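**Q** Here it is, the structure in full.
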Amino acid sequence: MIEIYYAEDDEIIGKSVNEYFEQQNYKVSVFYSIADIKKALINHLPTIVLLDWNMPDGRGDELCLWIRKRWCDLPVIYLTVRGDSCDIVHGFQNGADDYVVKPFDFAVLHSRILALLRRTKNAKEPKLFCDDLMLDKRKNAVYYQQKEILVSQSEYQILLLLLENKGKTITRRQLLEQVWDSNGSYVNDNTLTVAMKRLREKLHHPPCLKTIRSFGYRMEDTK
């Protein structure tokens with residue numbers, strides 16, 4: 001069961017969030033002071049933390065820093081009326097994983113929580129699978145039909161990005177920016193085309209690796 005700790009100074013909003021997520025079969029605990037949520041966190045870690053910025057006994061950004069010093073992997077989302085760009089940037093710099101400005105739609109917040117938890121799960125999962133393809137993040141190794149396939153660094157990063165987002169189409173621009181630009185290498189679009197061709201050949205053209213023509217690529221189970 002997904003468990004939420006929510007730090008909120010407004011009792012009406014706290015009750016509304018509690019009621020909505022309990023209807024989704026989540027376990028929700030609302031705390032109306034930073035002192036109370038700190039005590040609860042020390043005794044037990046939830047699945048995710050939602051926090052307001054303005055609290056009666058402190059600030060949410062200070063609470064976020066306190067959390068990050070102790071639990072770097074605990075998912076945290078701000079829920080706050082403070083929607084200025086400088087506040088949002090400050091929130092992320094203090095360790096937030098997402099930032100939602102009030103008033104918010106409950107369905108959208110729910111979708112953001114699920115998306116964040118998927119990313120967190122993928123980041124923690126050492127082995128990623130799609131059909132007969134497996135990537136082992138601990139070994140930085142790729143296997144197809146249980147045989148190790150030697151790939152380049154860029155080919156490995158392509159597979160990692162696609163497998164961590166299995167079922168979702170990753171655009172060519174996203175691949176170019178995240179695989180090459182992140183390493184300080186600026187390349188043209190043809191670089192990706194050549195890399196994908198070589199990767200397919202090494203993997204014997206796996207059916208799970210889909211091409212979305214003129215747009216991008218997607219990993220998708222076919223079995």
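Every chain in the structure tokens has a letter given in the order shown (A, B, ...), and although residue numbers restart at 1 in each chain, ligands are simply numbered from 1 in the order shown.
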What lies within 8 Å of Asp132 (chain A) using only C-alpha atoms, ignoring chain neighbours under 5 positions off, as a tab-separated table (two decimals) with all heavy atoms, in the first residue's frame?

**A**
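Output contents, as saved in selection-v4.tsv:
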chain	number	residue	atom	x	y	z
A	144	TYR	N	21.24	-10.04	-24.10
A	144	TYR	CA	20.12	-10.38	-24.98
A	144	TYR	C	20.07	-11.89	-25.13
A	144	TYR	O	21.08	-12.51	-25.49
A	144	TYR	CB	20.26	-9.71	-26.35
A	144	TYR	CG	19.04	-9.90	-27.22
A	144	TYR	CD1	17.82	-9.30	-26.86
A	144	TYR	CD2	19.08	-10.69	-28.36
A	144	TYR	CE1	16.69	-9.49	-27.64
A	144	TYR	CE2	17.95	-10.88	-29.14
A	144	TYR	CZ	16.75	-10.28	-28.77
A	144	TYR	OH	15.62	-10.46	-29.54
A	145	GLN	N	18.91	-12.46	-24.81
A	145	GLN	CA	18.74	-13.92	-24.80
A	145	GLN	C	19.82	-14.57	-23.94
A	145	GLN	O	20.43	-15.57	-24.32
A	145	GLN	CB	18.74	-14.46	-26.22
A	145	GLN	CG	17.55	-13.96	-27.05
A	145	GLN	CD	17.54	-14.49	-28.46
A	145	GLN	OE1	18.57	-14.94	-28.99
A	145	GLN	NE2	16.38	-14.45	-29.09
A	146	GLN	N	20.08	-13.93	-22.78
A	146	GLN	CA	20.99	-14.39	-21.74
A	146	GLN	C	22.46	-14.34	-22.14
A	146	GLN	O	23.32	-14.85	-21.41
A	146	GLN	CB	20.63	-15.83	-21.31
A	146	GLN	CG	19.21	-15.93	-20.74
A	146	GLN	CD	18.87	-17.33	-20.28
A	146	GLN	OE1	19.52	-18.30	-20.62
A	146	GLN	NE2	17.82	-17.43	-19.47

**Q** If you run DSSP on this backbone, which residues of region 63-146 of chain A come out as helix (DSSP H, G or I), and could you give them as a PyMOL selection string?

**A** chain A and resi 63-70+85-93+106-124

**Q** Go ahead and save the picked residues with C-alpha atoms, as a PDB file, in the first residue's frame.

**A**
ATOM      1  CA  LEU A  63      11.848  20.617   6.186  1.00  0.00           C
ATOM      2  CA  CYS A  64      12.800  19.444   2.691  1.00  0.00           C
ATOM      3  CA  LEU A  65      16.476  20.114   3.402  1.00  0.00           C
ATOM      4  CA  TRP A  66      16.160  18.244   6.703  1.00  0.00           C
ATOM      5  CA  ILE A  67      14.663  15.255   4.877  1.00  0.00           C
ATOM      6  CA  ARG A  68      17.323  15.241   2.170  1.00  0.00           C
ATOM      7  CA  LYS A  69      20.176  15.210   4.692  1.00  0.00           C
ATOM      8  CA  ARG A  70      18.766  11.969   6.106  1.00  0.00           C
ATOM      9  CA  SER A  85       9.618  30.870 -10.681  1.00  0.00           C
ATOM     10  CA  CYS A  86      12.202  31.748  -8.019  1.00  0.00           C
ATOM     11  CA  ASP A  87      10.237  29.786  -5.395  1.00  0.00           C
ATOM     12  CA  ILE A  88       9.901  26.791  -7.692  1.00  0.00           C
ATOM     13  CA  VAL A  89      13.615  26.828  -8.493  1.00  0.00           C
ATOM     14  CA  HIS A  90      14.417  27.168  -4.789  1.00  0.00           C
ATOM     15  CA  GLY A  91      12.170  24.205  -4.012  1.00  0.00           C
ATOM     16  CA  PHE A  92      13.956  21.960  -6.479  1.00  0.00           C
ATOM     17  CA  GLN A  93      17.347  23.172  -5.287  1.00  0.00           C
ATOM     18  CA  PHE A 106      -6.578  15.981  -7.448  1.00  0.00           C
ATOM     19  CA  ALA A 107      -6.404  13.752 -10.526  1.00  0.00           C
ATOM     20  CA  VAL A 108      -3.357  15.651 -11.812  1.00  0.00           C
ATOM     21  CA  LEU A 109      -1.661  15.434  -8.402  1.00  0.00           C
ATOM     22  CA  HIS A 110      -2.410  11.707  -8.309  1.00  0.00           C
ATOM     23  CA  SER A 111      -0.848  11.271 -11.768  1.00  0.00           C
ATOM     24  CA  ARG A 112       2.254  13.175 -10.672  1.00  0.00           C
ATOM     25  CA  ILE A 113       2.620  10.961  -7.613  1.00  0.00           C
ATOM     26  CA  LEU A 114       2.330   7.794  -9.703  1.00  0.00           C
ATOM     27  CA  ALA A 115       4.832   9.114 -12.261  1.00  0.00           C
ATOM     28  CA  LEU A 116       7.321  10.012  -9.520  1.00  0.00           C
ATOM     29  CA  LEU A 117       6.956   6.609  -7.874  1.00  0.00           C
ATOM     30  CA  ARG A 118       7.545   4.889 -11.224  1.00  0.00           C
ATOM     31  CA  ARG A 119      10.760   6.867 -11.686  1.00  0.00           C
ATOM     32  CA  THR A 120      11.848   6.079  -8.148  1.00  0.00           C
ATOM     33  CA  LYS A 121      11.159   2.386  -8.616  1.00  0.00           C
ATOM     34  CA  ASN A 122      13.089   2.282 -11.896  1.00  0.00           C
ATOM     35  CA  ALA A 123      16.028   4.120 -10.327  1.00  0.00           C
ATOM     36  CA  LYS A 124      16.225   1.572  -7.509  1.00  0.00           C
TER      37      LYS A 124
END

**Q** Do you know which residues are at most 6 Å from region 161-177 of chain A counting only C-alpha atoms, after dropping those on the same chain fewer than 5 positions away, and could you put them as a PyMOL selection string?

**A** chain A and resi 122+215-220

**Q** Output all heavy atoms for every residue in the selection just made, as a PDB file, in the first residue's frame.

**A**
ATOM      1  N   ASN A 122      12.141   2.621 -10.833  1.00  0.00           N
ATOM      2  CA  ASN A 122      13.089   2.282 -11.896  1.00  0.00           C
ATOM      3  C   ASN A 122      14.518   2.603 -11.479  1.00  0.00           C
ATOM      4  O   ASN A 122      15.456   1.877 -11.808  1.00  0.00           O
ATOM      5  CB  ASN A 122      12.744   3.057 -13.171  1.00  0.00           C
ATOM      6  CG  ASN A 122      11.523   2.498 -13.881  1.00  0.00           C
ATOM      7  OD1 ASN A 122      11.165   1.336 -13.685  1.00  0.00           O
ATOM      8  ND2 ASN A 122      10.872   3.311 -14.679  1.00  0.00           N
ATOM      9  N   PHE A 215      10.039  10.455 -35.322  1.00  0.00           N
ATOM     10  CA  PHE A 215       9.711  11.011 -34.011  1.00  0.00           C
ATOM     11  C   PHE A 215      10.616  10.489 -32.911  1.00  0.00           C
ATOM     12  O   PHE A 215      11.232  11.263 -32.178  1.00  0.00           O
ATOM     13  CB  PHE A 215       8.251  10.701 -33.664  1.00  0.00           C
ATOM     14  CG  PHE A 215       7.795  11.365 -32.400  1.00  0.00           C
ATOM     15  CD1 PHE A 215       7.545  12.729 -32.358  1.00  0.00           C
ATOM     16  CD2 PHE A 215       7.617  10.623 -31.242  1.00  0.00           C
ATOM     17  CE1 PHE A 215       7.125  13.349 -31.182  1.00  0.00           C
ATOM     18  CE2 PHE A 215       7.197  11.231 -30.058  1.00  0.00           C
ATOM     19  CZ  PHE A 215       6.952  12.594 -30.039  1.00  0.00           C
ATOM     20  N   GLY A 216      10.703   9.151 -32.757  1.00  0.00           N
ATOM     21  CA  GLY A 216      11.516   8.637 -31.668  1.00  0.00           C
ATOM     22  C   GLY A 216      11.478   7.124 -31.578  1.00  0.00           C
ATOM     23  O   GLY A 216      11.260   6.429 -32.579  1.00  0.00           O
ATOM     24  N   TYR A 217      11.668   6.609 -30.360  1.00  0.00           N
ATOM     25  CA  TYR A 217      11.778   5.163 -30.144  1.00  0.00           C
ATOM     26  C   TYR A 217      11.052   4.788 -28.856  1.00  0.00           C
ATOM     27  O   TYR A 217      10.878   5.609 -27.956  1.00  0.00           O
ATOM     28  CB  TYR A 217      13.249   4.742 -30.060  1.00  0.00           C
ATOM     29  CG  TYR A 217      14.042   5.125 -31.281  1.00  0.00           C
ATOM     30  CD1 TYR A 217      14.683   6.369 -31.352  1.00  0.00           C
ATOM     31  CD2 TYR A 217      14.145   4.263 -32.378  1.00  0.00           C
ATOM     32  CE1 TYR A 217      15.404   6.743 -32.478  1.00  0.00           C
ATOM     33  CE2 TYR A 217      14.864   4.633 -33.503  1.00  0.00           C
ATOM     34  CZ  TYR A 217      15.490   5.867 -33.556  1.00  0.00           C
ATOM     35  OH  TYR A 217      16.190   6.231 -34.667  1.00  0.00           O
ATOM     36  N   ARG A 218      10.691   3.500 -28.776  1.00  0.00           N
ATOM     37  CA  ARG A 218       9.985   3.023 -27.602  1.00  0.00           C
ATOM     38  C   ARG A 218      10.332   1.559 -27.344  1.00  0.00           C
ATOM     39  O   ARG A 218      10.426   0.768 -28.267  1.00  0.00           O
ATOM     40  CB  ARG A 218       8.471   3.150 -27.784  1.00  0.00           C
ATOM     41  CG  ARG A 218       7.654   2.697 -26.589  1.00  0.00           C
ATOM     42  CD  ARG A 218       6.172   2.981 -26.740  1.00  0.00           C
ATOM     43  NE  ARG A 218       5.564   2.213 -27.803  1.00  0.00           N
ATOM     44  CZ  ARG A 218       5.039   2.724 -28.906  1.00  0.00           C
ATOM     45  NH1 ARG A 218       5.062   4.031 -29.116  1.00  0.00           N
ATOM     46  NH2 ARG A 218       4.494   1.954 -29.834  1.00  0.00           N
ATOM     47  N   MET A 219      10.544   1.232 -26.054  1.00  0.00           N
ATOM     48  CA  MET A 219      10.695  -0.157 -25.643  1.00  0.00           C
ATOM     49  C   MET A 219       9.314  -0.682 -25.236  1.00  0.00           C
ATOM     50  O   MET A 219       8.620  -0.037 -24.448  1.00  0.00           O
ATOM     51  CB  MET A 219      11.651  -0.281 -24.450  1.00  0.00           C
ATOM     52  CG  MET A 219      13.105  -0.260 -24.819  1.00  0.00           C
ATOM     53  SD  MET A 219      13.582  -1.767 -25.690  1.00  0.00           S
ATOM     54  CE  MET A 219      15.337  -1.403 -25.941  1.00  0.00           C
ATOM     55  N   GLU A 220       8.963  -1.849 -25.757  1.00  0.00           N
ATOM     56  CA  GLU A 220       7.630  -2.387 -25.509  1.00  0.00           C
ATOM     57  C   GLU A 220       7.669  -3.904 -25.524  1.00  0.00           C
ATOM     58  O   GLU A 220       8.146  -4.513 -26.486  1.00  0.00           O
ATOM     59  CB  GLU A 220       6.686  -1.860 -26.594  1.00  0.00           C
ATOM     60  CG  GLU A 220       5.238  -2.144 -26.371  1.00  0.00           C
ATOM     61  CD  GLU A 220       4.391  -1.429 -27.408  1.00  0.00           C
ATOM     62  OE1 GLU A 220       4.210  -1.985 -28.515  1.00  0.00           O
ATOM     63  OE2 GLU A 220       3.932  -0.309 -27.127  1.00  0.00           O
TER      64      GLU A 220
END

**Q** Would you mind listing what lies within 8 Å of region 44-57 of chain A as number ranges by chain, with only C-alpha atoms counted and same-chain residues fewer than 5 positions away left out?

**A** A: 2-9, 32-35, 74-80, 82

**Q** Next, dump the selected residues to file, keeping only N, CA, C and O atoms, as a short mmCIF file (atom, residue, chain, number, x, y, z; two decimals), in the first residue's frame.

**A**
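And here is the file that came out, again05.cif:
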data_model
loop_
_atom_site.label_atom_id
_atom_site.label_comp_id
_atom_site.auth_asym_id
_atom_site.auth_seq_id
_atom_site.Cartn_x
_atom_site.Cartn_y
_atom_site.Cartn_z
N ILE A 2 0.50 2.22 -0.82
CA ILE A 2 1.22 3.50 -0.86
C ILE A 2 0.83 4.32 0.36
O ILE A 2 -0.35 4.49 0.67
N GLU A 3 1.84 4.83 1.06
CA GLU A 3 1.60 5.60 2.27
C GLU A 3 2.12 7.03 2.08
O GLU A 3 3.26 7.23 1.65
N ILE A 4 1.27 8.00 2.38
CA ILE A 4 1.59 9.41 2.20
C ILE A 4 1.68 10.10 3.56
O ILE A 4 0.79 9.95 4.40
N TYR A 5 2.76 10.87 3.76
CA TYR A 5 2.83 11.82 4.86
C TYR A 5 2.65 13.21 4.23
O TYR A 5 3.34 13.56 3.26
N TYR A 6 1.72 13.99 4.80
CA TYR A 6 1.42 15.30 4.23
C TYR A 6 1.54 16.38 5.30
O TYR A 6 0.81 16.38 6.28
N ALA A 7 2.48 17.32 5.12
CA ALA A 7 2.65 18.47 6.01
C ALA A 7 1.86 19.64 5.45
O ALA A 7 2.16 20.13 4.36
N GLU A 8 0.83 20.10 6.17
CA GLU A 8 -0.08 21.13 5.66
C GLU A 8 -0.58 21.98 6.82
O GLU A 8 -0.91 21.46 7.89
N ASP A 9 -0.64 23.32 6.62
CA ASP A 9 -1.11 24.19 7.70
C ASP A 9 -2.60 24.47 7.63
O ASP A 9 -3.17 25.00 8.57
N TYR A 32 0.05 18.86 10.94
CA TYR A 32 -0.17 20.29 10.90
C TYR A 32 0.98 21.08 11.54
O TYR A 32 0.84 22.27 11.80
N SER A 33 2.09 20.41 11.77
CA SER A 33 3.29 21.10 12.24
C SER A 33 4.51 20.33 11.75
O SER A 33 4.45 19.12 11.54
N ILE A 34 5.60 21.04 11.56
CA ILE A 34 6.85 20.42 11.14
C ILE A 34 7.38 19.50 12.24
O ILE A 34 7.92 18.42 11.95
N ALA A 35 7.21 19.90 13.48
CA ALA A 35 7.69 19.07 14.59
C ALA A 35 7.03 17.70 14.57
O ALA A 35 7.70 16.67 14.77
N LEU A 74 13.95 9.44 -0.54
CA LEU A 74 12.54 9.56 -0.18
C LEU A 74 11.86 10.57 -1.10
O LEU A 74 12.23 11.74 -1.13
N PRO A 75 10.85 10.17 -1.88
CA PRO A 75 10.19 11.11 -2.81
C PRO A 75 9.48 12.25 -2.07
O PRO A 75 8.77 12.02 -1.09
N VAL A 76 9.68 13.48 -2.57
CA VAL A 76 9.09 14.67 -1.94
C VAL A 76 8.46 15.55 -3.01
O VAL A 76 9.09 15.85 -4.03
N ILE A 77 7.21 15.97 -2.76
CA ILE A 77 6.51 16.89 -3.66
C ILE A 77 6.01 18.08 -2.85
O ILE A 77 5.36 17.91 -1.82
N TYR A 78 6.32 19.29 -3.32
CA TYR A 78 5.75 20.49 -2.71
C TYR A 78 4.30 20.66 -3.17
O TYR A 78 3.98 20.48 -4.35
N LEU A 79 3.42 21.08 -2.24
CA LEU A 79 2.06 21.53 -2.54
C LEU A 79 1.92 22.91 -1.90
O LEU A 79 1.80 23.01 -0.68
N THR A 80 1.94 23.97 -2.68
CA THR A 80 2.03 25.30 -2.10
C THR A 80 1.42 26.35 -3.02
O THR A 80 1.32 26.14 -4.24
N ARG A 82 2.83 29.15 -3.40
CA ARG A 82 3.97 29.94 -3.88
C ARG A 82 4.38 29.43 -5.26
O ARG A 82 5.05 28.42 -5.38
#

**Q** Show me, as a PyMOL selection string, the residues that have an atom within 10 Å of Thr222 (chain A) when counting only C-alpha atoms, minus same-chain residues fewer than 3 positions from it.

**A** chain A and resi 130-132+206-209+219

**Q** Write the residues of the selection above to a file with C-alpha atoms, as a CSV table (one decimal), in the first residue's frame.

**A**
chain,number,residue,atom,x,y,z
A,130,CYS,CA,12.0,-6.0,-22.1
A,131,ASP,CA,11.3,-9.4,-23.7
A,132,ASP,CA,14.7,-11.1,-24.0
A,206,PRO,CA,14.9,-7.2,-31.2
A,207,PRO,CA,11.1,-6.8,-31.8
A,208,CYS,CA,10.8,-5.0,-28.4
A,209,LEU,CA,12.7,-2.0,-29.7
A,219,MET,CA,10.7,-0.2,-25.6

**Q** Using DSSP on the backbone coordinates, identify all residues within region 30-217 of chain A classified as strand (DSSP E or B); present the result as a PyMOL selection string.

**A** chain A and resi 30-31+48-51+54-55+58-59+76-80+98-101+127-130+133-136+141-144+147-149+170-171+209-212+216-217

**Q** Just write the chosen residues, N, CA and C atoms, as a short mmCIF file (atom, residue, chain, number, x, y, z; two decimals), in the first residue's frame.

**A**
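Below is the file that was written, result.cif:
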data_model
loop_
_atom_site.label_atom_id
_atom_site.label_comp_id
_atom_site.auth_asym_id
_atom_site.auth_seq_id
_atom_site.Cartn_x
_atom_site.Cartn_y
_atom_site.Cartn_z
N VAL A 30 -1.85 13.22 7.88
CA VAL A 30 -1.69 14.66 7.72
C VAL A 30 -1.11 15.25 9.01
N PHE A 31 -0.09 16.08 8.86
CA PHE A 31 0.57 16.69 10.01
C PHE A 31 0.47 18.21 9.87
N ILE A 48 5.92 8.33 0.23
CA ILE A 48 6.14 9.65 -0.36
C ILE A 48 5.73 10.73 0.64
N VAL A 49 6.35 11.91 0.53
CA VAL A 49 6.02 13.05 1.39
C VAL A 49 5.50 14.19 0.53
N LEU A 50 4.37 14.75 0.93
CA LEU A 50 3.85 15.98 0.35
C LEU A 50 4.03 17.07 1.40
N LEU A 51 4.48 18.26 0.97
CA LEU A 51 4.70 19.28 1.99
C LEU A 51 4.32 20.67 1.49
N ASN A 54 4.44 27.00 3.79
CA ASN A 54 4.20 27.80 4.99
C ASN A 54 3.58 26.93 6.08
N MET A 55 4.33 26.72 7.14
CA MET A 55 3.87 25.93 8.27
C MET A 55 3.92 26.78 9.53
N GLY A 58 7.53 26.66 11.16
CA GLY A 58 8.71 26.63 10.29
C GLY A 58 8.33 26.70 8.83
N ARG A 59 9.29 26.37 7.97
CA ARG A 59 9.09 26.48 6.53
C ARG A 59 9.31 25.13 5.87
N VAL A 76 9.68 13.48 -2.57
CA VAL A 76 9.09 14.67 -1.94
C VAL A 76 8.46 15.55 -3.01
N ILE A 77 7.21 15.97 -2.76
CA ILE A 77 6.51 16.89 -3.66
C ILE A 77 6.01 18.08 -2.85
N TYR A 78 6.32 19.29 -3.32
CA TYR A 78 5.75 20.49 -2.71
C TYR A 78 4.30 20.66 -3.17
N LEU A 79 3.42 21.08 -2.24
CA LEU A 79 2.06 21.53 -2.54
C LEU A 79 1.92 22.91 -1.90
N THR A 80 1.94 23.97 -2.68
CA THR A 80 2.03 25.30 -2.10
C THR A 80 1.42 26.35 -3.02
N ASP A 98 9.26 17.13 -7.18
CA ASP A 98 8.22 17.75 -8.01
C ASP A 98 7.65 18.93 -7.23
N TYR A 99 6.90 19.78 -7.94
CA TYR A 99 6.41 21.01 -7.34
C TYR A 99 5.04 21.30 -7.92
N VAL A 100 4.00 21.32 -7.08
CA VAL A 100 2.63 21.54 -7.52
C VAL A 100 2.09 22.79 -6.85
N VAL A 101 1.56 23.70 -7.65
CA VAL A 101 1.06 24.97 -7.14
C VAL A 101 -0.44 24.88 -6.87
N LYS A 127 17.98 -4.27 -12.28
CA LYS A 127 17.86 -4.95 -13.57
C LYS A 127 16.58 -4.53 -14.27
N LEU A 128 16.72 -4.15 -15.53
CA LEU A 128 15.58 -3.72 -16.34
C LEU A 128 15.39 -4.71 -17.48
N PHE A 129 14.13 -5.06 -17.76
CA PHE A 129 13.84 -6.10 -18.76
C PHE A 129 12.86 -5.59 -19.81
N CYS A 130 12.99 -6.16 -21.01
CA CYS A 130 11.99 -6.01 -22.06
C CYS A 130 12.16 -7.21 -22.99
N LEU A 133 15.60 -8.91 -23.62
CA LEU A 133 16.64 -7.92 -23.37
C LEU A 133 16.70 -7.60 -21.89
N MET A 134 17.92 -7.54 -21.33
CA MET A 134 18.09 -7.21 -19.92
C MET A 134 19.28 -6.28 -19.76
N LEU A 135 19.09 -5.24 -18.94
CA LEU A 135 20.18 -4.31 -18.63
C LEU A 135 20.42 -4.36 -17.13
N ASP A 136 21.65 -4.62 -16.75
CA ASP A 136 22.04 -4.70 -15.35
C ASP A 136 22.80 -3.42 -14.99
N ALA A 141 26.00 -3.61 -17.73
CA ALA A 141 26.08 -4.63 -18.77
C ALA A 141 24.71 -4.85 -19.42
N VAL A 142 24.75 -5.28 -20.68
CA VAL A 142 23.54 -5.55 -21.45
C VAL A 142 23.54 -7.00 -21.89
N TYR A 143 22.39 -7.65 -21.78
CA TYR A 143 22.26 -9.06 -22.16
C TYR A 143 21.05 -9.22 -23.09
N TYR A 144 21.24 -10.04 -24.10
CA TYR A 144 20.12 -10.38 -24.98
C TYR A 144 20.07 -11.89 -25.13
N LYS A 147 22.78 -13.72 -23.25
CA LYS A 147 24.17 -13.56 -23.67
C LYS A 147 24.56 -12.09 -23.56
N GLU A 148 25.74 -11.84 -23.00
CA GLU A 148 26.16 -10.45 -22.85
C GLU A 148 26.51 -9.86 -24.20
N ILE A 149 26.02 -8.63 -24.42
CA ILE A 149 26.27 -7.90 -25.65
C ILE A 149 27.17 -6.71 -25.34
N ILE A 170 10.23 7.87 -26.46
CA ILE A 170 11.25 8.88 -26.20
C ILE A 170 11.63 9.52 -27.53
N THR A 171 11.53 10.83 -27.61
CA THR A 171 11.78 11.51 -28.87
C THR A 171 13.26 11.50 -29.23
N LEU A 209 12.21 -3.30 -29.49
CA LEU A 209 12.69 -1.95 -29.74
C LEU A 209 11.96 -1.39 -30.95
N LYS A 210 11.01 -0.50 -30.68
CA LYS A 210 10.14 0.05 -31.71
C LYS A 210 10.65 1.40 -32.21
N THR A 211 10.50 1.63 -33.51
CA THR A 211 10.79 2.93 -34.09
C THR A 211 9.49 3.65 -34.40
N ILE A 212 9.38 4.87 -33.89
CA ILE A 212 8.24 5.73 -34.22
C ILE A 212 8.77 6.70 -35.27
N GLY A 216 10.70 9.15 -32.76
CA GLY A 216 11.52 8.64 -31.67
C GLY A 216 11.48 7.12 -31.58
N TYR A 217 11.67 6.61 -30.36
CA TYR A 217 11.78 5.16 -30.14
C TYR A 217 11.05 4.79 -28.86
#

**Q** Which value, in Å to one decimal, gives the distance between CA of Pro126 (chain A) and CA of Gln153 (chain A)?

**A**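 Value for the CA of Pro126 (chain A)-CA of Gln153 (chain A) distance: 17.6 Å.
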
**Q** With distances taken over only C-alpha atoms, which of A:His205, A:Lys137, A:Lys15, A:Arg200 is nearest to Ser29 (chain A)?

**A** A:Lys15

**Q** Counting only C-alpha atoms, which of A:Met196, A:Ala96, A:Trp180, A:Lys102 gets nearest to Asp84 (chain A)?

**A** A:Lys102

**Q** In terms of the shortest atom-to-atom distance over only C-alpha atoms, which of A:Leu203, A:Ile13, A:Cys72, A:Val194 is closest to Leu159 (chain A)?

**A**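 Distance minimum relative to Leu159 (chain A) lands on A:Leu203.
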